[in-house]
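**Q** Data file run02.txt (compact mmCIF, N, CA and C atoms) is appended below.
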```
# COMPACT_ATOMS: atom_id res chain seq x y z
N TRP A 1 28.94 -12.94 6.87
CA TRP A 1 28.70 -11.84 5.97
C TRP A 1 27.31 -11.96 5.43
N PRO A 2 26.47 -11.00 5.41
CA PRO A 2 26.65 -9.69 6.04
C PRO A 2 26.57 -9.79 7.56
N PRO A 3 26.92 -8.71 8.25
CA PRO A 3 27.01 -8.77 9.71
C PRO A 3 25.70 -9.12 10.41
N ASP A 4 24.55 -8.82 9.83
CA ASP A 4 23.26 -9.13 10.48
C ASP A 4 22.55 -10.31 9.82
N ALA A 5 23.29 -11.21 9.22
CA ALA A 5 22.69 -12.33 8.49
C ALA A 5 21.84 -13.23 9.38
N ASP A 6 22.15 -13.28 10.67
CA ASP A 6 21.35 -14.11 11.57
C ASP A 6 19.96 -13.54 11.80
N GLN A 7 19.78 -12.24 11.54
CA GLN A 7 18.47 -11.60 11.71
C GLN A 7 17.81 -11.28 10.37
N CYS A 8 18.59 -10.93 9.39
CA CYS A 8 18.06 -10.53 8.09
C CYS A 8 18.26 -11.66 7.09
N ASN A 9 17.34 -12.62 7.14
CA ASN A 9 17.40 -13.75 6.23
C ASN A 9 15.98 -14.22 5.97
N VAL A 10 15.80 -15.05 4.97
CA VAL A 10 14.46 -15.46 4.57
C VAL A 10 13.73 -16.17 5.70
N GLU A 11 14.42 -17.02 6.42
CA GLU A 11 13.75 -17.74 7.51
C GLU A 11 13.21 -16.79 8.57
N SER A 12 14.01 -15.79 8.96
CA SER A 12 13.54 -14.81 9.94
C SER A 12 12.39 -13.99 9.39
N LEU A 13 12.50 -13.57 8.14
CA LEU A 13 11.44 -12.78 7.52
C LEU A 13 10.16 -13.60 7.39
N ARG A 14 10.28 -14.87 7.06
CA ARG A 14 9.12 -15.75 6.93
C ARG A 14 8.39 -15.90 8.26
N ASN A 15 9.13 -15.87 9.36
CA ASN A 15 8.54 -16.04 10.69
C ASN A 15 7.99 -14.75 11.28
N ASP A 16 8.22 -13.63 10.61
CA ASP A 16 7.75 -12.33 11.10
C ASP A 16 6.62 -11.82 10.20
N PRO A 17 5.34 -11.89 10.68
CA PRO A 17 4.23 -11.46 9.84
C PRO A 17 4.30 -9.98 9.42
N GLY A 18 5.07 -9.16 10.11
CA GLY A 18 5.21 -7.75 9.76
C GLY A 18 6.40 -7.46 8.87
N SER A 19 7.06 -8.49 8.36
CA SER A 19 8.28 -8.29 7.57
C SER A 19 7.96 -7.80 6.16
N ILE A 20 9.00 -7.30 5.52
CA ILE A 20 8.89 -6.83 4.14
C ILE A 20 8.52 -7.99 3.21
N LEU A 21 8.96 -9.18 3.53
CA LEU A 21 8.62 -10.35 2.73
C LEU A 21 7.11 -10.55 2.68
N HIS A 22 6.45 -10.47 3.82
CA HIS A 22 4.99 -10.64 3.85
C HIS A 22 4.27 -9.47 3.20
N LEU A 23 4.80 -8.26 3.36
CA LEU A 23 4.21 -7.10 2.68
C LEU A 23 4.26 -7.31 1.17
N TYR A 24 5.40 -7.69 0.64
CA TYR A 24 5.53 -7.92 -0.81
C TYR A 24 4.59 -9.02 -1.28
N ARG A 25 4.47 -10.08 -0.51
CA ARG A 25 3.57 -11.16 -0.89
C ARG A 25 2.12 -10.68 -0.94
N ARG A 26 1.72 -9.87 0.04
CA ARG A 26 0.35 -9.35 0.05
C ARG A 26 0.12 -8.40 -1.12
N LEU A 27 1.12 -7.57 -1.44
CA LEU A 27 0.99 -6.65 -2.57
C LEU A 27 0.90 -7.42 -3.89
N LEU A 28 1.74 -8.43 -4.05
CA LEU A 28 1.68 -9.24 -5.27
C LEU A 28 0.35 -9.97 -5.40
N ASP A 29 -0.18 -10.46 -4.29
CA ASP A 29 -1.48 -11.12 -4.31
C ASP A 29 -2.59 -10.15 -4.70
N ALA A 30 -2.55 -8.94 -4.14
CA ALA A 30 -3.54 -7.92 -4.50
C ALA A 30 -3.45 -7.60 -5.99
N ARG A 31 -2.26 -7.46 -6.50
CA ARG A 31 -2.08 -7.16 -7.93
C ARG A 31 -2.60 -8.31 -8.79
N ARG A 32 -2.29 -9.53 -8.39
CA ARG A 32 -2.71 -10.71 -9.16
C ARG A 32 -4.23 -10.82 -9.23
N HIS A 33 -4.93 -10.39 -8.18
CA HIS A 33 -6.39 -10.56 -8.11
C HIS A 33 -7.18 -9.28 -8.39
N THR A 34 -6.50 -8.21 -8.83
CA THR A 34 -7.18 -6.94 -9.06
C THR A 34 -6.82 -6.41 -10.44
N GLU A 35 -7.80 -6.45 -11.34
CA GLU A 35 -7.54 -6.00 -12.71
C GLU A 35 -7.10 -4.54 -12.75
N ALA A 36 -7.64 -3.72 -11.88
CA ALA A 36 -7.25 -2.30 -11.87
C ALA A 36 -5.76 -2.15 -11.60
N LEU A 37 -5.19 -3.01 -10.78
CA LEU A 37 -3.76 -2.93 -10.49
C LEU A 37 -2.90 -3.54 -11.59
N ARG A 38 -3.42 -4.54 -12.27
CA ARG A 38 -2.67 -5.19 -13.34
C ARG A 38 -2.79 -4.47 -14.67
N LEU A 39 -4.03 -4.09 -15.01
CA LEU A 39 -4.31 -3.62 -16.37
C LEU A 39 -4.81 -2.18 -16.41
N GLY A 40 -5.07 -1.61 -15.26
CA GLY A 40 -5.76 -0.33 -15.19
C GLY A 40 -4.98 0.86 -15.67
N ARG A 41 -5.76 1.86 -15.98
CA ARG A 41 -5.24 3.18 -16.35
C ARG A 41 -4.80 3.88 -15.07
N GLN A 42 -3.70 4.60 -15.13
CA GLN A 42 -3.17 5.29 -13.96
C GLN A 42 -3.37 6.79 -14.09
N GLU A 43 -3.84 7.40 -13.01
CA GLU A 43 -4.09 8.85 -13.00
C GLU A 43 -3.52 9.44 -11.72
N LEU A 44 -2.57 10.36 -11.84
CA LEU A 44 -2.03 11.05 -10.67
C LEU A 44 -3.09 11.99 -10.11
N LEU A 45 -3.19 12.06 -8.80
CA LEU A 45 -4.15 12.93 -8.14
C LEU A 45 -3.41 14.02 -7.37
N ASP A 46 -4.09 15.14 -7.17
CA ASP A 46 -3.51 16.20 -6.36
C ASP A 46 -3.26 15.67 -4.95
N SER A 47 -2.13 16.03 -4.38
CA SER A 47 -1.80 15.59 -3.03
C SER A 47 -0.87 16.60 -2.38
N PRO A 48 -0.81 16.58 -1.05
CA PRO A 48 0.05 17.52 -0.34
C PRO A 48 1.53 17.26 -0.65
N ASP A 49 2.37 18.25 -0.34
CA ASP A 49 3.81 18.09 -0.51
C ASP A 49 4.29 16.87 0.27
N GLY A 50 5.15 16.08 -0.36
CA GLY A 50 5.70 14.91 0.29
C GLY A 50 4.83 13.67 0.19
N VAL A 51 3.67 13.79 -0.49
CA VAL A 51 2.75 12.66 -0.64
C VAL A 51 2.48 12.44 -2.12
N LEU A 52 2.48 11.20 -2.52
CA LEU A 52 2.14 10.82 -3.89
C LEU A 52 0.86 10.02 -3.83
N CYS A 53 -0.12 10.38 -4.68
CA CYS A 53 -1.41 9.70 -4.68
C CYS A 53 -1.83 9.48 -6.12
N TRP A 54 -2.26 8.26 -6.42
CA TRP A 54 -2.76 7.97 -7.75
C TRP A 54 -3.88 6.96 -7.71
N ARG A 55 -4.68 6.98 -8.78
CA ARG A 55 -5.82 6.07 -8.93
C ARG A 55 -5.51 5.11 -10.08
N ARG A 56 -5.87 3.84 -9.88
CA ARG A 56 -5.82 2.85 -10.94
C ARG A 56 -7.26 2.45 -11.25
N THR A 57 -7.63 2.49 -12.52
CA THR A 57 -9.00 2.22 -12.94
C THR A 57 -9.01 1.22 -14.09
N PHE A 58 -9.89 0.23 -13.95
CA PHE A 58 -10.13 -0.71 -15.04
C PHE A 58 -11.62 -1.00 -15.03
N GLY A 59 -12.33 -0.53 -16.06
CA GLY A 59 -13.79 -0.67 -16.07
C GLY A 59 -14.37 0.05 -14.87
N ASP A 60 -15.16 -0.65 -14.07
CA ASP A 60 -15.76 -0.03 -12.89
C ASP A 60 -14.97 -0.33 -11.62
N GLN A 61 -13.78 -0.90 -11.79
CA GLN A 61 -12.93 -1.23 -10.64
C GLN A 61 -11.92 -0.10 -10.41
N HIS A 62 -11.82 0.36 -9.17
CA HIS A 62 -10.93 1.47 -8.82
C HIS A 62 -10.09 1.10 -7.59
N ARG A 63 -8.86 1.56 -7.57
CA ARG A 63 -8.00 1.45 -6.40
C ARG A 63 -7.24 2.76 -6.29
N LEU A 64 -6.96 3.16 -5.06
CA LEU A 64 -6.12 4.33 -4.80
C LEU A 64 -4.87 3.88 -4.07
N ILE A 65 -3.78 4.53 -4.38
CA ILE A 65 -2.53 4.29 -3.68
C ILE A 65 -2.07 5.65 -3.16
N VAL A 66 -1.73 5.69 -1.88
CA VAL A 66 -1.26 6.92 -1.24
C VAL A 66 0.06 6.59 -0.55
N VAL A 67 1.11 7.36 -0.87
CA VAL A 67 2.43 7.13 -0.28
C VAL A 67 2.91 8.41 0.37
N ASN A 68 3.23 8.32 1.65
CA ASN A 68 3.73 9.46 2.42
C ASN A 68 5.25 9.32 2.55
N PHE A 69 5.98 10.23 1.92
CA PHE A 69 7.44 10.20 1.97
C PHE A 69 8.00 11.05 3.10
N THR A 70 7.13 11.57 3.95
CA THR A 70 7.58 12.45 5.03
C THR A 70 7.58 11.72 6.37
N GLY A 71 8.13 12.36 7.37
CA GLY A 71 8.14 11.82 8.72
C GLY A 71 6.97 12.31 9.55
N ASP A 72 5.95 12.88 8.90
CA ASP A 72 4.81 13.46 9.61
C ASP A 72 3.51 12.76 9.20
N HIS A 73 2.51 12.84 10.08
CA HIS A 73 1.15 12.45 9.70
C HIS A 73 0.64 13.52 8.73
N ILE A 74 0.07 13.11 7.61
CA ILE A 74 -0.39 14.06 6.60
C ILE A 74 -1.86 13.79 6.28
N ASP A 75 -2.67 14.85 6.33
CA ASP A 75 -4.06 14.75 5.89
C ASP A 75 -4.08 14.58 4.38
N THR A 76 -4.77 13.56 3.93
CA THR A 76 -4.85 13.28 2.49
C THR A 76 -6.29 12.91 2.14
N PRO A 77 -7.17 13.91 2.15
CA PRO A 77 -8.56 13.61 1.80
C PRO A 77 -8.65 13.18 0.34
N VAL A 78 -9.43 12.15 0.11
CA VAL A 78 -9.70 11.68 -1.24
C VAL A 78 -11.21 11.57 -1.40
N PRO A 79 -11.72 11.81 -2.60
CA PRO A 79 -13.17 11.77 -2.78
C PRO A 79 -13.71 10.36 -2.59
N GLY A 80 -14.85 10.25 -1.92
CA GLY A 80 -15.51 8.97 -1.72
C GLY A 80 -15.09 8.30 -0.42
N SER A 81 -15.65 7.12 -0.21
CA SER A 81 -15.34 6.32 0.98
C SER A 81 -14.46 5.16 0.58
N TRP A 82 -13.39 4.94 1.32
CA TRP A 82 -12.39 3.93 0.98
C TRP A 82 -12.06 3.07 2.19
N THR A 83 -11.62 1.86 1.90
CA THR A 83 -11.16 0.93 2.92
C THR A 83 -9.69 0.64 2.68
N VAL A 84 -8.91 0.56 3.75
CA VAL A 84 -7.49 0.24 3.64
C VAL A 84 -7.35 -1.26 3.41
N VAL A 85 -6.85 -1.63 2.25
CA VAL A 85 -6.62 -3.04 1.92
C VAL A 85 -5.26 -3.47 2.45
N ILE A 86 -4.25 -2.68 2.14
CA ILE A 86 -2.88 -2.97 2.59
C ILE A 86 -2.25 -1.67 3.05
N ALA A 87 -1.59 -1.72 4.19
CA ALA A 87 -0.79 -0.60 4.69
C ALA A 87 0.63 -1.10 4.87
N SER A 88 1.60 -0.33 4.46
CA SER A 88 2.99 -0.77 4.52
C SER A 88 3.41 -1.13 5.94
N ASP A 89 2.80 -0.50 6.93
CA ASP A 89 3.12 -0.80 8.33
C ASP A 89 2.01 -1.62 9.01
N GLY A 90 1.01 -2.02 8.24
CA GLY A 90 -0.09 -2.82 8.77
C GLY A 90 -1.15 -2.02 9.50
N HIS A 91 -0.91 -0.75 9.77
CA HIS A 91 -1.84 0.07 10.55
C HIS A 91 -3.07 0.45 9.74
N GLY A 92 -4.24 0.11 10.26
CA GLY A 92 -5.50 0.52 9.64
C GLY A 92 -6.06 -0.44 8.62
N GLU A 93 -5.41 -1.57 8.38
CA GLU A 93 -5.90 -2.50 7.37
C GLU A 93 -7.28 -3.03 7.73
N ALA A 94 -8.10 -3.21 6.70
CA ALA A 94 -9.48 -3.70 6.82
C ALA A 94 -10.37 -2.74 7.59
N ARG A 95 -9.96 -1.47 7.64
CA ARG A 95 -10.77 -0.44 8.30
C ARG A 95 -10.98 0.72 7.33
N PRO A 96 -11.97 1.55 7.61
CA PRO A 96 -12.18 2.72 6.75
C PRO A 96 -10.94 3.62 6.73
N TYR A 97 -10.66 4.17 5.57
CA TYR A 97 -9.55 5.12 5.44
C TYR A 97 -9.96 6.43 6.07
N GLU A 98 -9.16 6.92 6.99
CA GLU A 98 -9.49 8.13 7.75
C GLU A 98 -8.85 9.39 7.17
N ALA A 99 -8.38 9.31 5.93
CA ALA A 99 -7.82 10.45 5.20
C ALA A 99 -6.55 11.01 5.84
N VAL A 100 -5.81 10.15 6.51
CA VAL A 100 -4.52 10.53 7.08
C VAL A 100 -3.55 9.38 6.82
N VAL A 101 -2.37 9.72 6.29
CA VAL A 101 -1.32 8.71 6.18
C VAL A 101 -0.28 8.98 7.24
N ARG A 102 0.19 7.91 7.84
CA ARG A 102 1.18 8.00 8.90
C ARG A 102 2.55 8.29 8.30
N PRO A 103 3.51 8.66 9.13
CA PRO A 103 4.87 8.91 8.62
C PRO A 103 5.42 7.70 7.86
N ASP A 104 5.97 7.95 6.69
CA ASP A 104 6.61 6.93 5.87
C ASP A 104 5.71 5.73 5.58
N GLN A 105 4.41 5.96 5.47
CA GLN A 105 3.44 4.90 5.24
C GLN A 105 2.91 4.96 3.81
N ALA A 106 2.62 3.79 3.25
CA ALA A 106 1.93 3.70 1.98
C ALA A 106 0.69 2.85 2.20
N VAL A 107 -0.42 3.21 1.53
CA VAL A 107 -1.65 2.45 1.67
C VAL A 107 -2.26 2.18 0.29
N LEU A 108 -2.85 1.01 0.18
CA LEU A 108 -3.64 0.62 -0.98
C LEU A 108 -5.09 0.62 -0.53
N LEU A 109 -5.94 1.38 -1.24
CA LEU A 109 -7.33 1.55 -0.86
C LEU A 109 -8.27 1.00 -1.92
N GLU A 110 -9.40 0.47 -1.45
CA GLU A 110 -10.47 0.05 -2.36
C GLU A 110 -11.75 0.74 -1.92
N PRO A 111 -12.70 0.91 -2.85
CA PRO A 111 -13.96 1.56 -2.46
C PRO A 111 -14.64 0.81 -1.30
N ALA A 112 -15.19 1.59 -0.38
CA ALA A 112 -15.88 0.98 0.79
C ALA A 112 -17.24 0.47 0.39
```
If you convert what's in this file into structure tokens, what do you get?

**A**
Amino acid sequence: WPPDADQCNVESLRNDPGSILHLYRRLLDARRHTEALRLGRQELLDSPDGVLCWRRTFGDQHRLIVVNFTGDHIDTPVPGSWTVVIASDGHGEARPYEAVVRPDQAVLLEPA
């Protein structure tokens, strides 16, 4: 119990770099080392239907978070140039943000 315990367990998740365990660890690390994520002011931004986008700001430090709740690729232009720090599916990390979020994807962006 549960029926998939041989696959869904900490040891399996620890051995899979694409697992939710590693995503959470990367997100917690980003939060721990980024004042804008820990202490920053939050501002909701205009975004297409099915997408949530907000900015976190602390002093001159800015981060954007974009979450696509749809099953489609969605254009999400944001002002300025941004780099993908973390993507929920790993796609596009450490590359320029191309103003599109993939289906069911969330991204954490920092200024380029």

**Q** I need the residues of chain A that end up classed as strand (DSSP E or B) by DSSP on the backbone, written out as an MDAnalysis selection string.

**A** chainID A and resid 41:45 51:58 61:68 74:75 82:87 96 100:101 106:111

**Q** Pull the alpha helix (DSSP H) assignments for chain A out of DSSP run on the backbone, and list those residues as a list in words.

**A** Val10, Glu11, Ser12, Leu13, Arg14, Asn15, Ile20, Leu21, His22, Leu23, Tyr24, Arg25, Arg26, Leu27, Leu28, Asp29, Ala30, Arg31, Arg32, Glu35, Ala36, Leu37, Arg38 and Leu39 of chain A

**Q** Using all atoms listed in the file, which of the listed residues (A:His22, A:Arg95, A:Arg14, A:Arg32) sits closest to Trp82 (chain A)?

**A** A:Arg95

**Q** Of the candidates A:Thr57, A:Ala5, A:Leu52, A:Ser81, which one gets nearest to Arg38 (chain A) if we count only C-alpha atoms?

**A** A:Thr57

**Q** Select, from A:Glu43, A:Glu98, A:Glu11, A:Asp4, the residue with the minimum atom-to-atom distance to Arg63 (chain A), counting only C-alpha atoms.

**A** A:Glu43

**Q** Let me have the centre and edge lengths in Å, one decimal, of the box along x, y and z around every listed atom of region 85-101 of chain A with 3 Å of margin on each side, as lines of an AutoDock Vina configuration file.

**A**
```
center_x = -4.4
center_y = 3.7
center_z = 6.2
size_x = 21.6
size_y = 20.7
size_z = 14.6
```

**Q** For each of A:His73, A:Arg31, A:Arg41, A:Arg25, take the minimum atom-to-atom distance to Leu108 (chain A), counting only C-alpha atoms, then give the residue where this is smallest.

**A**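 Using only C-alpha atoms, the shortest distance to Leu108 (chain A) belongs to A:Arg31.
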
**Q** So how far away is CA of Glu35 (chain A) from atom C of His62 (chain A), in Å?

**A**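 Computing it gives 9.1 Å between the two atoms.
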
**Q** Would you mind telling me which residue in A:Pro79, A:Gly92, A:Gly50, A:Pro111 lies nearest to Val67 (chain A) when using all atoms listed in the file?

**A**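 Among the listed residues, A:Gly50 lies closest to Val67 (chain A).
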
**Q** What is the CA of Leu37 (chain A) to CA of Ser88 (chain A) distance in Å?

**A**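 About the pair CA of Leu37 (chain A) and CA of Ser88 (chain A): they are 16.6 Å apart.
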
**Q** Rounded to one decimal in Å, what is the spacing between atom N of Leu27 (chain A) and CA of Leu39 (chain A)?

**A**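 These two atoms are separated by 16.4 Å.
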
**Q** Using only C-alpha atoms, pick whichever of A:Ala94, A:Ile20, A:Val101, A:Leu109 has the shortest atom-to-atom distance to Arg56 (chain A).

**A** A:Leu109

**Q** Could you check which residues have any atom within 12 Å of (2.6, -12.9, 3.2), counting only C-alpha atoms with coordinates taken straight from the file, and then list them as a short mmCIF file (atom, residue, chain, number, x, y, z; two decimals) with N, CA and C atoms, in the frame of the given file?

**A**
```
data_model
loop_
_atom_site.label_atom_id
_atom_site.label_comp_id
_atom_site.auth_asym_id
_atom_site.auth_seq_id
_atom_site.Cartn_x
_atom_site.Cartn_y
_atom_site.Cartn_z
N LEU A 13 12.50 -13.57 8.14
CA LEU A 13 11.44 -12.78 7.52
C LEU A 13 10.16 -13.60 7.39
N ARG A 14 10.28 -14.87 7.06
CA ARG A 14 9.12 -15.75 6.93
C ARG A 14 8.39 -15.90 8.26
N ASN A 15 9.13 -15.87 9.36
CA ASN A 15 8.54 -16.04 10.69
C ASN A 15 7.99 -14.75 11.28
N ASP A 16 8.22 -13.63 10.61
CA ASP A 16 7.75 -12.33 11.10
C ASP A 16 6.62 -11.82 10.20
N PRO A 17 5.34 -11.89 10.68
CA PRO A 17 4.23 -11.46 9.84
C PRO A 17 4.30 -9.98 9.42
N GLY A 18 5.07 -9.16 10.11
CA GLY A 18 5.21 -7.75 9.76
C GLY A 18 6.40 -7.46 8.87
N SER A 19 7.06 -8.49 8.36
CA SER A 19 8.28 -8.29 7.57
C SER A 19 7.96 -7.80 6.16
N ILE A 20 9.00 -7.30 5.52
CA ILE A 20 8.89 -6.83 4.14
C ILE A 20 8.52 -7.99 3.21
N LEU A 21 8.96 -9.18 3.53
CA LEU A 21 8.62 -10.35 2.73
C LEU A 21 7.11 -10.55 2.68
N HIS A 22 6.45 -10.47 3.82
CA HIS A 22 4.99 -10.64 3.85
C HIS A 22 4.27 -9.47 3.20
N LEU A 23 4.80 -8.26 3.36
CA LEU A 23 4.21 -7.10 2.68
C LEU A 23 4.26 -7.31 1.17
N TYR A 24 5.40 -7.69 0.64
CA TYR A 24 5.53 -7.92 -0.81
C TYR A 24 4.59 -9.02 -1.28
N ARG A 25 4.47 -10.08 -0.51
CA ARG A 25 3.57 -11.16 -0.89
C ARG A 25 2.12 -10.68 -0.94
N ARG A 26 1.72 -9.87 0.04
CA ARG A 26 0.35 -9.35 0.05
C ARG A 26 0.12 -8.40 -1.12
N LEU A 27 1.12 -7.57 -1.44
CA LEU A 27 0.99 -6.65 -2.57
C LEU A 27 0.90 -7.42 -3.89
N LEU A 28 1.74 -8.43 -4.05
CA LEU A 28 1.68 -9.24 -5.27
C LEU A 28 0.35 -9.97 -5.40
N ASP A 29 -0.18 -10.46 -4.29
CA ASP A 29 -1.48 -11.12 -4.31
C ASP A 29 -2.59 -10.15 -4.70
N ALA A 30 -2.55 -8.94 -4.14
CA ALA A 30 -3.54 -7.92 -4.50
C ALA A 30 -3.45 -7.60 -5.99
N ILE A 86 -4.25 -2.68 2.14
CA ILE A 86 -2.88 -2.97 2.59
C ILE A 86 -2.25 -1.67 3.05
N GLY A 90 1.01 -2.02 8.24
CA GLY A 90 -0.09 -2.82 8.77
C GLY A 90 -1.15 -2.02 9.50
#
```

**Q** Mind filling out region 85-94 of chain A with all heavy atoms and sending it as an mmCIF file, in the coordinates of the input?

**A**
```
data_model
loop_
_atom_site.group_PDB
_atom_site.id
_atom_site.type_symbol
_atom_site.label_atom_id
_atom_site.label_comp_id
_atom_site.auth_asym_id
_atom_site.auth_seq_id
_atom_site.Cartn_x
_atom_site.Cartn_y
_atom_site.Cartn_z
ATOM 1 N N VAL A 85 -6.850 -1.630 2.250
ATOM 2 C CA VAL A 85 -6.620 -3.040 1.920
ATOM 3 C C VAL A 85 -5.260 -3.470 2.450
ATOM 4 O O VAL A 85 -5.132 -4.491 3.123
ATOM 5 C CB VAL A 85 -6.681 -3.276 0.389
ATOM 6 C CG1 VAL A 85 -6.382 -4.719 0.043
ATOM 7 C CG2 VAL A 85 -8.017 -2.845 -0.166
ATOM 8 N N ILE A 86 -4.250 -2.680 2.140
ATOM 9 C CA ILE A 86 -2.880 -2.970 2.590
ATOM 10 C C ILE A 86 -2.250 -1.670 3.050
ATOM 11 O O ILE A 86 -2.369 -0.642 2.379
ATOM 12 C CB ILE A 86 -2.035 -3.585 1.456
ATOM 13 C CG1 ILE A 86 -2.622 -4.918 1.009
ATOM 14 C CG2 ILE A 86 -0.582 -3.767 1.906
ATOM 15 C CD1 ILE A 86 -1.929 -5.540 -0.191
ATOM 16 N N ALA A 87 -1.590 -1.720 4.190
ATOM 17 C CA ALA A 87 -0.790 -0.600 4.690
ATOM 18 C C ALA A 87 0.630 -1.100 4.870
ATOM 19 O O ALA A 87 0.838 -2.208 5.384
ATOM 20 C CB ALA A 87 -1.356 -0.070 5.997
ATOM 21 N N SER A 88 1.600 -0.330 4.460
ATOM 22 C CA SER A 88 2.990 -0.770 4.520
ATOM 23 C C SER A 88 3.410 -1.130 5.940
ATOM 24 O O SER A 88 4.266 -1.985 6.138
ATOM 25 C CB SER A 88 3.923 0.293 3.951
ATOM 26 O OG SER A 88 3.776 1.515 4.661
ATOM 27 N N ASP A 89 2.800 -0.500 6.930
ATOM 28 C CA ASP A 89 3.120 -0.800 8.330
ATOM 29 C C ASP A 89 2.010 -1.620 9.010
ATOM 30 O O ASP A 89 2.049 -1.852 10.208
ATOM 31 C CB ASP A 89 3.367 0.475 9.121
ATOM 32 C CG ASP A 89 2.180 1.424 9.123
ATOM 33 O OD1 ASP A 89 1.122 1.095 8.540
ATOM 34 O OD2 ASP A 89 2.307 2.518 9.710
ATOM 35 N N GLY A 90 1.010 -2.020 8.240
ATOM 36 C CA GLY A 90 -0.090 -2.820 8.770
ATOM 37 C C GLY A 90 -1.150 -2.020 9.500
ATOM 38 O O GLY A 90 -2.234 -2.529 9.795
ATOM 39 N N HIS A 91 -0.910 -0.750 9.770
ATOM 40 C CA HIS A 91 -1.840 0.070 10.550
ATOM 41 C C HIS A 91 -3.070 0.450 9.740
ATOM 42 O O HIS A 91 -2.961 1.012 8.664
ATOM 43 C CB HIS A 91 -1.148 1.334 11.054
ATOM 44 C CG HIS A 91 -2.021 2.173 11.914
ATOM 45 N ND1 HIS A 91 -2.229 1.889 13.240
ATOM 46 C CD2 HIS A 91 -2.769 3.258 11.641
ATOM 47 C CE1 HIS A 91 -3.064 2.774 13.746
ATOM 48 N NE2 HIS A 91 -3.398 3.622 12.794
ATOM 49 N N GLY A 92 -4.240 0.110 10.260
ATOM 50 C CA GLY A 92 -5.500 0.520 9.640
ATOM 51 C C GLY A 92 -6.060 -0.440 8.620
ATOM 52 O O GLY A 92 -7.108 -0.160 8.025
ATOM 53 N N GLU A 93 -5.410 -1.570 8.380
ATOM 54 C CA GLU A 93 -5.900 -2.500 7.370
ATOM 55 C C GLU A 93 -7.280 -3.030 7.730
ATOM 56 O O GLU A 93 -7.595 -3.244 8.910
ATOM 57 C CB GLU A 93 -4.929 -3.671 7.214
ATOM 58 C CG GLU A 93 -3.649 -3.254 6.546
ATOM 59 C CD GLU A 93 -2.691 -4.399 6.285
ATOM 60 O OE1 GLU A 93 -2.895 -5.512 6.799
ATOM 61 O OE2 GLU A 93 -1.720 -4.159 5.568
ATOM 62 N N ALA A 94 -8.100 -3.210 6.700
ATOM 63 C CA ALA A 94 -9.480 -3.700 6.820
ATOM 64 C C ALA A 94 -10.370 -2.740 7.590
ATOM 65 O O ALA A 94 -11.416 -3.121 8.090
ATOM 66 C CB ALA A 94 -9.520 -5.091 7.465
#
```
